[in-house]
Every structure is written in structure tokens, then in C-alpha cells.
$ cat model_5.cif   # mmCIF, C-alpha atoms
data_final
loop_
_atom_site.group_PDB
_atom_site.id
_atom_site.type_symbol
_atom_site.label_atom_id
_atom_site.label_comp_id
_atom_site.auth_asym_id
_atom_site.auth_seq_id
_atom_site.Cartn_x
_atom_site.Cartn_y
_atom_site.Cartn_z
ATOM 1 C CA MET A 27 127.314 60.416 92.104
ATOM 2 C CA GLY A 28 127.580 63.751 90.335
ATOM 3 C CA ASN A 29 126.911 64.368 86.699
ATOM 4 C CA SER A 30 129.446 65.791 84.307
ATOM 5 C CA GLU A 31 128.864 66.487 80.652
ATOM 6 C CA HIS A 32 130.651 63.217 79.870
ATOM 7 C CA GLY A 33 129.122 60.903 82.512
ATOM 8 C CA VAL A 34 129.020 60.481 86.248
ATOM 9 C CA ILE A 35 132.119 60.998 88.373
ATOM 10 C CA GLU A 36 132.780 58.285 90.929
ATOM 11 C CA ARG A 37 135.659 58.873 93.328
ATOM 12 C CA GLU A 38 136.300 56.052 95.761
ATOM 13 C CA ARG A 39 138.521 54.695 98.491
ATOM 14 C CA LYS A 40 138.486 51.306 100.234
ATOM 15 C CA TYR A 41 139.688 49.828 103.518
ATOM 16 C CA LYS A 42 140.033 46.126 104.366
ATOM 17 C CA LEU A 43 138.276 45.277 107.627
ATOM 18 C CA GLY A 44 137.942 42.294 109.894
ATOM 19 C CA GLU A 45 134.436 41.240 110.903
ATOM 20 C CA ALA A 46 134.697 42.895 114.339
ATOM 21 C CA ALA A 47 135.974 46.170 112.827
ATOM 22 C CA ALA A 48 133.118 46.088 110.293
ATOM 23 C CA GLY A 49 130.625 45.730 113.150
ATOM 24 C CA ARG A 50 132.170 48.653 115.027
ATOM 25 C CA LEU A 51 132.164 50.826 111.901
ATOM 26 C CA ARG A 52 128.530 50.035 111.188
ATOM 27 C CA ALA A 53 127.576 50.904 114.789
ATOM 28 C CA ARG A 54 129.489 54.194 114.507
ATOM 29 C CA LEU A 55 127.791 55.052 111.199
ATOM 30 C CA GLU A 56 124.384 54.292 112.737
ATOM 31 C CA GLU A 57 125.204 56.912 115.400
ATOM 32 C CA VAL A 58 126.745 59.679 113.281
ATOM 33 C CA GLY A 59 125.534 59.054 109.725
ATOM 34 C CA ARG A 60 122.235 58.680 107.910
ATOM 35 C CA PHE A 61 121.247 55.171 106.870
ATOM 36 C CA VAL A 62 120.542 55.025 103.125
ATOM 37 C CA ARG A 63 119.883 51.341 102.326
ATOM 38 C CA GLU A 64 121.013 47.731 102.527
ATOM 39 C CA GLU A 65 121.213 45.572 99.453
ATOM 40 C CA ARG A 66 122.767 42.513 97.872
ATOM 41 C CA GLN A 67 124.649 43.198 94.659
ATOM 42 C CA ASP A 68 125.553 40.399 92.254
ATOM 43 C CA THR A 69 128.255 41.748 89.954
ATOM 44 C CA ILE A 70 129.797 40.357 86.774
ATOM 45 C CA VAL A 71 132.718 42.146 85.159
ATOM 46 C CA LEU A 72 132.738 41.573 81.410
ATOM 47 C CA LYS A 73 135.880 40.975 79.378
ATOM 48 C CA ASP A 74 136.042 42.778 76.038
ATOM 49 C CA ARG A 75 137.096 40.085 73.550
ATOM 50 C CA ALA A 76 136.561 42.342 70.542
ATOM 51 C CA SER A 77 138.481 45.394 71.864
ATOM 52 C CA HIS A 78 135.470 47.716 71.735
ATOM 53 C CA LEU A 79 136.513 49.660 74.853
ATOM 54 C CA LYS A 80 139.333 52.066 75.630
ATOM 55 C CA LYS A 81 142.251 50.587 77.554
ATOM 56 C CA GLY A 82 141.567 50.605 81.297
ATOM 57 C CA SER A 83 137.781 50.707 80.966
ATOM 58 C CA TYR A 84 135.283 47.884 81.363
ATOM 59 C CA LEU A 85 131.624 46.915 81.493
ATOM 60 C CA ARG A 86 129.935 45.816 84.710
ATOM 61 C CA PHE A 87 126.645 43.899 84.736
ATOM 62 C CA ARG A 88 124.966 44.036 88.152
ATOM 63 C CA THR A 89 121.708 42.879 89.645
ATOM 64 C CA VAL A 90 120.431 44.588 92.763
ATOM 65 C CA GLU A 91 117.249 43.292 94.359
ATOM 66 C CA GLY A 92 116.097 41.888 91.012
ATOM 67 C CA ARG A 93 116.912 45.040 89.015
ATOM 68 C CA ALA A 94 119.612 44.692 86.346
ATOM 69 C CA GLU A 95 121.960 47.469 85.309
ATOM 70 C CA LEU A 96 124.895 47.844 82.962
ATOM 71 C CA THR A 97 127.710 50.275 83.731
ATOM 72 C CA HIS A 98 130.572 51.433 81.547
ATOM 73 C CA LYS A 99 133.472 52.335 83.829
ATOM 74 C CA GLY A 100 136.010 54.564 82.128
ATOM 75 C CA PRO A 101 139.764 54.458 82.730
ATOM 76 C CA LYS A 102 140.664 55.163 86.341
ATOM 77 C CA GLN A 103 142.496 58.294 87.330
ATOM 78 C CA ALA A 104 144.575 58.760 90.484
ATOM 79 C CA LEU A 105 143.822 61.515 92.982
ATOM 80 C CA GLY A 106 146.101 61.110 96.003
ATOM 81 C CA LYS A 107 145.097 57.862 97.692
ATOM 82 C CA ASP A 108 141.863 57.736 95.757
ATOM 83 C CA LYS A 109 140.849 56.718 92.295
ATOM 84 C CA TRP A 110 138.102 58.245 90.215
ATOM 85 C CA ARG A 111 136.544 57.560 86.861
ATOM 86 C CA LEU A 112 133.634 58.519 84.675
ATOM 87 C CA GLU A 113 130.761 56.060 84.635
ATOM 88 C CA HIS A 114 127.621 55.636 82.573
ATOM 89 C CA THR A 115 124.876 53.345 83.939
ATOM 90 C CA VAL A 116 121.644 52.178 82.362
ATOM 91 C CA THR A 117 118.893 50.125 83.962
ATOM 92 C CA LEU A 118 118.030 47.097 81.873
ATOM 93 C CA GLY A 119 114.614 45.570 81.292
ATOM 94 C CA ASP A 120 113.708 41.930 80.974
ATOM 95 C CA GLY A 121 115.557 39.794 78.510
ATOM 96 C CA PRO A 122 118.796 37.924 77.977
ATOM 97 C CA ALA A 123 121.188 40.851 78.503
ATOM 98 C CA LEU A 124 124.284 38.735 79.182
ATOM 99 C CA GLU A 125 123.653 36.595 76.108
ATOM 100 C CA LEU A 126 123.310 39.720 73.981
ATOM 101 C CA LEU A 127 126.532 41.159 75.404
ATOM 102 C CA GLU A 128 128.349 37.881 74.658
ATOM 103 C CA ARG A 129 127.189 38.066 71.035
ATOM 104 C CA MET A 130 128.678 41.580 70.924
ATOM 105 C CA GLY A 131 132.094 40.294 72.056
ATOM 106 C CA PHE A 132 131.878 40.640 75.838
ATOM 107 C CA ARG A 133 132.126 37.611 78.102
ATOM 108 C CA PRO A 134 131.746 37.191 81.849
ATOM 109 C CA ASN A 135 135.175 37.374 83.458
ATOM 110 C CA THR A 136 134.903 37.967 87.212
ATOM 111 C CA ARG A 137 131.881 37.569 89.474
ATOM 112 C CA TYR A 138 131.365 38.576 93.077
ATOM 113 C CA VAL A 139 128.416 39.040 95.417
ATOM 114 C CA LYS A 140 128.391 41.888 97.889
ATOM 115 C CA ASP A 141 126.116 42.520 100.870
ATOM 116 C CA THR A 142 126.308 46.213 101.617
ATOM 117 C CA ALA A 143 124.956 48.675 104.184
ATOM 118 C CA ILE A 144 125.201 52.224 102.842
ATOM 119 C CA PHE A 145 125.261 55.402 104.951
ATOM 120 C CA LEU A 146 125.636 59.090 104.181
ATOM 121 C CA TYR A 147 128.260 60.770 106.361
ATOM 122 C CA ARG A 148 129.640 64.294 105.794
ATOM 123 C CA GLY A 149 128.383 64.246 102.211
ATOM 124 C CA VAL A 150 130.121 60.936 101.429
ATOM 125 C CA LEU A 151 128.490 57.562 100.806
ATOM 126 C CA VAL A 152 130.176 55.169 103.230
ATOM 127 C CA SER A 153 129.392 51.490 102.926
ATOM 128 C CA VAL A 154 130.202 48.498 105.070
ATOM 129 C CA ASP A 155 130.588 45.687 102.557
ATOM 130 C CA ARG A 156 130.888 41.928 102.877
ATOM 131 C CA ILE A 157 132.186 40.303 99.713
ATOM 132 C CA ILE A 158 130.866 36.754 100.005
ATOM 133 C CA GLY A 159 133.705 34.276 100.469
ATOM 134 C CA ILE A 160 136.344 37.036 100.566
ATOM 135 C CA GLY A 161 135.882 39.417 103.493
ATOM 136 C CA TRP A 162 134.787 42.767 104.884
ATOM 137 C CA PHE A 163 135.551 46.232 103.532
ATOM 138 C CA CYS A 164 134.628 49.876 103.931
ATOM 139 C CA GLU A 165 134.130 51.870 100.755
ATOM 140 C CA MET A 166 133.778 55.636 100.555
ATOM 141 C CA GLU A 167 132.311 57.197 97.405
ATOM 142 C CA THR A 168 131.731 60.769 96.335
ATOM 143 C CA ASP A 169 131.329 62.752 93.149
ATOM 144 C CA ASP A 170 133.345 65.632 94.632
ATOM 145 C CA LEU A 171 136.987 65.627 93.572
ATOM 146 C CA GLU A 172 137.719 68.242 96.275
ATOM 147 C CA LYS A 173 136.125 66.393 99.227
ATOM 148 C CA ASP A 174 138.566 65.700 102.093
ATOM 149 C CA LEU A 175 138.275 61.912 102.358
ATOM 150 C CA ASP A 176 141.237 61.839 104.740
ATOM 151 C CA ALA A 177 139.153 63.799 107.262
ATOM 152 C CA VAL A 178 136.178 61.463 106.781
ATOM 153 C CA ALA A 179 138.411 58.403 107.247
ATOM 154 C CA ALA A 180 139.984 59.914 110.365
ATOM 155 C CA ALA A 181 136.590 60.776 111.873
ATOM 156 C CA LEU A 182 135.494 57.172 111.318
ATOM 157 C CA GLU A 183 138.783 55.918 112.814
ATOM 158 C CA LEU A 184 139.727 53.996 109.674
ATOM 159 C CA ASP A 185 143.316 52.807 109.966
ATOM 160 C CA ASP A 186 145.713 53.859 107.186
ATOM 161 C CA ASP A 187 147.283 50.393 107.429
ATOM 162 C CA ALA A 188 143.952 48.946 106.264
ATOM 163 C CA PHE A 189 143.861 51.088 103.110
ATOM 164 C CA GLU A 190 143.088 48.879 100.085
ATOM 165 C CA THR A 191 144.446 49.918 96.697
ATOM 166 C CA ARG A 192 142.665 47.221 94.671
ATOM 167 C CA GLY A 193 139.107 47.445 93.397
ATOM 168 C CA TYR A 194 136.553 44.719 94.054
ATOM 169 C CA PRO A 195 136.936 43.164 90.567
ATOM 170 C CA THR A 196 140.685 42.700 91.162
ATOM 171 C CA ILE A 197 140.167 41.421 94.697
ATOM 172 C CA ALA A 198 137.574 38.910 93.458
ATOM 173 C CA ALA A 199 139.703 37.773 90.503
ATOM 174 C CA GLU A 200 142.737 37.227 92.748
ATOM 175 C CA ALA A 201 140.635 35.294 95.283
ATOM 176 C CA ALA A 202 139.244 33.082 92.492
ATOM 177 C CA ARG A 203 142.775 32.347 91.204
ATOM 178 C CA GLU A 204 143.936 31.478 94.746
ATOM 179 C CA LYS A 205 140.986 29.096 95.213
ATOM 180 C CA THR A 206 141.704 27.439 91.867
ATOM 181 C CA ALA A 207 145.409 27.049 92.709
ATOM 182 C CA ALA A 208 144.582 25.601 96.130
ATOM 183 C CA ARG A 209 142.391 22.920 94.488
ATOM 184 C CA ALA A 210 145.137 21.931 92.022
#
$ encode --input "model_5.cif" --output "C-alpha cells"
Amino acid sequence: MGNSEHGVIERERKYKLGEAAAGRLRARLEEVGRFVREERQDTIVLKDRASHLKKGSYLRFRTVEGRAELTHKGPKQALGKDKWRLEHTVTLGDGPALELLERMGFRPNTRYVKDTAIFLYRGVLVSVDRIIGIGWFCEMETDDLEKDLDAVAAALELDDDAFETRGYPTIAAEAAREKTAARA
């Protein structure tokens, strides 16, 4: 994502997919895009018990292939269908990072695991994501606030009816609440 003097801009858009649609999208991206990487991301969103952060922002702790990183995600801004925010990410070394964050007033709130295949298409990172236990999604990300994501979505034949307004942390938190309620 692109750098600004105050962080990195991440503009994103999501679509909910069925498994068959995810397979078709991946096949299409293999034809027309450039494969970037596949990875498993284990994400924990941290709740700010001590009110250190601005309203609407949060910390994300993520491990990717054994590498840990911490991201501050600033308040989201709307841009048409999309949302964007400033982010700051640091790679963490060895050590008890989550325990340290808990001592600072942050506690794990929502966790989800994502298997993702990432492609570059028309200057946009397009991923086919499987959130374990939840479902399949397409996510488009760019640092360009002017990029025509509608054109990218149309070229990839993404259905407007599948547009997803929620972010993965919200989707995961809602799924966890539904599972808890179903067990009660």
C-alpha cells in the first residue's frame, strides 16, 4: 500500500463468494492477473481497555507464516462503496508480544484465520480469501484513492449483490456470537 506522510493508505472493498464462485474467480485471476503469493494469516483484533486509541481505530496482531506483525488501523473513511484508512505496521521479533500488549491495556477480542491467494490485477491487489469456519470472500486493496474499483470489479465479473460492507473483524465477531448463541 502507498505511503503518506502520516502512514500507509489502505483502500479496500469486499465481496462475499460461494466456494464455486471463489474457484472461478481464482481461475480468472490466474489467467489475467499476476500471482503474488498464498499465505495463512492468523489475526487477533485487540480491544483497547484503557482508551489509548482514537475512536474507530484499533490494533491488529497478525502472524503470517511464522512472522508476527502489529498494525494500528486508523478510523475508517468512506469513499463511495469503499472504505479507506491510514495504517502503520511493524514487524515484531521474538517474545511475548500479546502478553506485553495486555499489560498495556489491550486484550484479544476477535480472532480469525484466513487462507488467502493474492493476485495483482490492473494495479489492484485482489485476493481470494477463505475465512476458516465462515466462508469465501474476494478483497480488493489499493493505495490509490482515485483507482476505479468499479471497473476492476466489473472486469472480474463480481456481482454487486455480493458486495460486503463489513470488515473481516466484524464478520468474525458476528459469526462467533452466532456460534455462542446456537450452543446456548
$ closest_residue --input "model_5.cif" --among "A:Ala201, A:Asp108, A:Glu45, A:Arg50" --to "Asp169 of chain A" --atoms "only C-alpha atoms"
A:Asp108
$ resolve_selection --input "model_5.cif" --expression "the PyMOL selection byres ((chain A and resi 86-91) around 9)" --output "mmCIF file with C-alpha atoms, in the coordinates of the input"
data_model
loop_
_atom_site.group_PDB
_atom_site.id
_atom_site.type_symbol
_atom_site.label_atom_id
_atom_site.label_comp_id
_atom_site.auth_asym_id
_atom_site.auth_seq_id
_atom_site.Cartn_x
_atom_site.Cartn_y
_atom_site.Cartn_z
ATOM 1 C CA GLU A 65 121.213 45.572 99.453
ATOM 2 C CA ARG A 66 122.767 42.513 97.872
ATOM 3 C CA GLN A 67 124.649 43.198 94.659
ATOM 4 C CA ASP A 68 125.553 40.399 92.254
ATOM 5 C CA THR A 69 128.255 41.748 89.954
ATOM 6 C CA ILE A 70 129.797 40.357 86.774
ATOM 7 C CA VAL A 71 132.718 42.146 85.159
ATOM 8 C CA LEU A 72 132.738 41.573 81.410
ATOM 9 C CA TYR A 84 135.283 47.884 81.363
ATOM 10 C CA LEU A 85 131.624 46.915 81.493
ATOM 11 C CA GLY A 92 116.097 41.888 91.012
ATOM 12 C CA ARG A 93 116.912 45.040 89.015
ATOM 13 C CA ALA A 94 119.612 44.692 86.346
ATOM 14 C CA GLU A 95 121.960 47.469 85.309
ATOM 15 C CA LEU A 96 124.895 47.844 82.962
ATOM 16 C CA THR A 97 127.710 50.275 83.731
ATOM 17 C CA HIS A 98 130.572 51.433 81.547
ATOM 18 C CA LYS A 99 133.472 52.335 83.829
ATOM 19 C CA ALA A 123 121.188 40.851 78.503
ATOM 20 C CA LEU A 124 124.284 38.735 79.182
ATOM 21 C CA PRO A 134 131.746 37.191 81.849
#
$ closest_residue --input "model_5.cif" --among "A:Met130, A:Leu43, A:Ala210, A:Ala188" --to "Ser153 of chain A" --atoms "all atoms listed in the file"
A:Leu43
$ atom_distance --input "model_5.cif" --atom1 "atom CA of Ala143 of chain A" --atom2 "atom CA of Asp185 of chain A"
19.7 Å
$ resolve_selection --input "model_5.cif" --expression "the PyMOL selection byres ((chain A and resi 111) around 12)" --output "compact mmCIF listing (two decimals) with C-alpha atoms, keeping the file's coordinate frame"
# COMPACT_ATOMS: atom_id res chain seq x y z
CA MET A 27 127.31 60.42 92.10
CA GLY A 28 127.58 63.75 90.34
CA ASN A 29 126.91 64.37 86.70
CA SER A 30 129.45 65.79 84.31
CA HIS A 32 130.65 63.22 79.87
CA GLY A 33 129.12 60.90 82.51
CA VAL A 34 129.02 60.48 86.25
CA ILE A 35 132.12 61.00 88.37
CA GLU A 36 132.78 58.28 90.93
CA ARG A 37 135.66 58.87 93.33
CA GLU A 38 136.30 56.05 95.76
CA GLY A 82 141.57 50.60 81.30
CA SER A 83 137.78 50.71 80.97
CA TYR A 84 135.28 47.88 81.36
CA THR A 97 127.71 50.28 83.73
CA HIS A 98 130.57 51.43 81.55
CA LYS A 99 133.47 52.34 83.83
CA GLY A 100 136.01 54.56 82.13
CA PRO A 101 139.76 54.46 82.73
CA LYS A 102 140.66 55.16 86.34
CA GLN A 103 142.50 58.29 87.33
CA ALA A 104 144.57 58.76 90.48
CA LEU A 105 143.82 61.52 92.98
CA ASP A 108 141.86 57.74 95.76
CA LYS A 109 140.85 56.72 92.30
CA TRP A 110 138.10 58.24 90.22
CA LEU A 112 133.63 58.52 84.68
CA GLU A 113 130.76 56.06 84.64
CA HIS A 114 127.62 55.64 82.57
CA GLU A 167 132.31 57.20 97.40
CA THR A 168 131.73 60.77 96.34
CA ASP A 169 131.33 62.75 93.15
CA ASP A 170 133.34 65.63 94.63
CA LEU A 171 136.99 65.63 93.57
$ atom_distance --input "model_5.cif" --atom1 "atom CA of Phe145 of chain A" --atom2 "atom CA of Thr196 of chain A"
24.3 Å
$ decode --input "model_5.cif" --residues "segment 114-142 of chain A" --atoms "N, CA and C atoms" --output "mmCIF file, in the first residue's frame"
data_model
loop_
_atom_site.group_PDB
_atom_site.id
_atom_site.type_symbol
_atom_site.label_atom_id
_atom_site.label_comp_id
_atom_site.auth_asym_id
_atom_site.auth_seq_id
_atom_site.Cartn_x
_atom_site.Cartn_y
_atom_site.Cartn_z
ATOM 1 N N HIS A 114 -0.391 1.800 10.146
ATOM 2 C CA HIS A 114 1.030 1.728 10.476
ATOM 3 C C HIS A 114 1.299 0.291 10.927
ATOM 4 N N THR A 115 2.248 -0.383 10.298
ATOM 5 C CA THR A 115 2.563 -1.777 10.625
ATOM 6 C C THR A 115 4.023 -1.907 10.982
ATOM 7 N N VAL A 116 4.289 -2.690 12.023
ATOM 8 C CA VAL A 116 5.658 -3.029 12.399
ATOM 9 C C VAL A 116 5.767 -4.540 12.486
ATOM 10 N N THR A 117 6.906 -5.066 12.058
ATOM 11 C CA THR A 117 7.196 -6.484 12.218
ATOM 12 C C THR A 117 7.789 -6.675 13.603
ATOM 13 N N LEU A 118 7.300 -7.683 14.293
ATOM 14 C CA LEU A 118 7.739 -7.941 15.662
ATOM 15 C C LEU A 118 8.769 -9.059 15.695
ATOM 16 N N GLY A 119 9.666 -8.999 16.651
ATOM 17 C CA GLY A 119 10.633 -10.073 16.854
ATOM 18 C C GLY A 119 10.075 -11.112 17.805
ATOM 19 N N ASP A 120 10.958 -11.944 18.303
ATOM 20 C CA ASP A 120 10.563 -12.966 19.262
ATOM 21 C C ASP A 120 10.158 -12.313 20.573
ATOM 22 N N GLY A 121 9.339 -13.004 21.299
ATOM 23 C CA GLY A 121 8.953 -12.515 22.617
ATOM 24 C C GLY A 121 7.456 -12.539 22.798
ATOM 25 N N PRO A 122 7.022 -12.285 24.009
ATOM 26 C CA PRO A 122 5.603 -12.383 24.358
ATOM 27 C C PRO A 122 4.832 -11.100 24.014
ATOM 28 N N ALA A 123 4.669 -10.822 22.741
ATOM 29 C CA ALA A 123 4.050 -9.567 22.302
ATOM 30 C C ALA A 123 2.632 -9.408 22.835
ATOM 31 N N LEU A 124 1.811 -10.461 22.752
ATOM 32 C CA LEU A 124 0.432 -10.332 23.223
ATOM 33 C C LEU A 124 0.374 -10.064 24.725
ATOM 34 N N GLU A 125 1.247 -10.723 25.479
ATOM 35 C CA GLU A 125 1.274 -10.501 26.923
ATOM 36 C C GLU A 125 1.664 -9.054 27.238
ATOM 37 N N LEU A 126 2.614 -8.531 26.504
ATOM 38 C CA LEU A 126 3.026 -7.141 26.695
ATOM 39 C C LEU A 126 1.883 -6.193 26.368
ATOM 40 N N LEU A 127 1.188 -6.447 25.264
ATOM 41 C CA LEU A 127 0.057 -5.607 24.878
ATOM 42 C C LEU A 127 -1.055 -5.666 25.926
ATOM 43 N N GLU A 128 -1.293 -6.844 26.505
ATOM 44 C CA GLU A 128 -2.307 -6.955 27.560
ATOM 45 C C GLU A 128 -1.924 -6.119 28.773
ATOM 46 N N ARG A 129 -0.649 -6.100 29.120
ATOM 47 C CA ARG A 129 -0.192 -5.291 30.256
ATOM 48 C C ARG A 129 -0.358 -3.797 29.967
ATOM 49 N N MET A 130 -0.404 -3.436 28.691
ATOM 50 C CA MET A 130 -0.577 -2.036 28.298
ATOM 51 C C MET A 130 -2.061 -1.656 28.163
ATOM 52 N N GLY A 131 -2.965 -2.612 28.418
ATOM 53 C CA GLY A 131 -4.389 -2.305 28.374
ATOM 54 C C GLY A 131 -5.125 -2.805 27.151
ATOM 55 N N PHE A 132 -4.477 -3.620 26.333
ATOM 56 C CA PHE A 132 -5.133 -4.184 25.153
ATOM 57 C C PHE A 132 -5.371 -5.669 25.399
ATOM 58 N N ARG A 133 -6.555 -6.158 25.028
ATOM 59 C CA ARG A 133 -6.809 -7.583 25.207
ATOM 60 C C ARG A 133 -7.363 -8.173 23.915
ATOM 61 N N PRO A 134 -7.056 -9.438 23.667
ATOM 62 C CA PRO A 134 -7.602 -10.080 22.468
ATOM 63 C C PRO A 134 -9.128 -10.030 22.491
ATOM 64 N N ASN A 135 -9.707 -9.653 21.357
ATOM 65 C CA ASN A 135 -11.156 -9.505 21.277
ATOM 66 C C ASN A 135 -11.754 -10.444 20.235
ATOM 67 N N THR A 136 -11.256 -10.397 19.023
ATOM 68 C CA THR A 136 -11.774 -11.207 17.924
ATOM 69 C C THR A 136 -10.601 -11.875 17.222
ATOM 70 N N ARG A 137 -10.767 -13.160 16.910
ATOM 71 C CA ARG A 137 -9.717 -13.890 16.199
ATOM 72 C C ARG A 137 -10.329 -14.562 14.972
ATOM 73 N N TYR A 138 -9.565 -14.543 13.886
ATOM 74 C CA TYR A 138 -9.955 -15.294 12.701
ATOM 75 C C TYR A 138 -8.705 -15.723 11.949
ATOM 76 N N VAL A 139 -8.851 -16.817 11.204
ATOM 77 C CA VAL A 139 -7.753 -17.348 10.395
ATOM 78 C C VAL A 139 -8.201 -17.298 8.942
ATOM 79 N N LYS A 140 -7.309 -16.773 8.116
ATOM 80 C CA LYS A 140 -7.632 -16.574 6.707
ATOM 81 C C LYS A 140 -6.576 -17.243 5.839
ATOM 82 N N ASP A 141 -7.034 -18.087 4.907
ATOM 83 C CA ASP A 141 -6.180 -18.593 3.830
ATOM 84 C C ASP A 141 -6.435 -17.691 2.640
ATOM 85 N N THR A 142 -5.370 -17.143 2.072
ATOM 86 C CA THR A 142 -5.556 -16.166 1.009
ATOM 87 C C THR A 142 -4.617 -16.437 -0.166
#
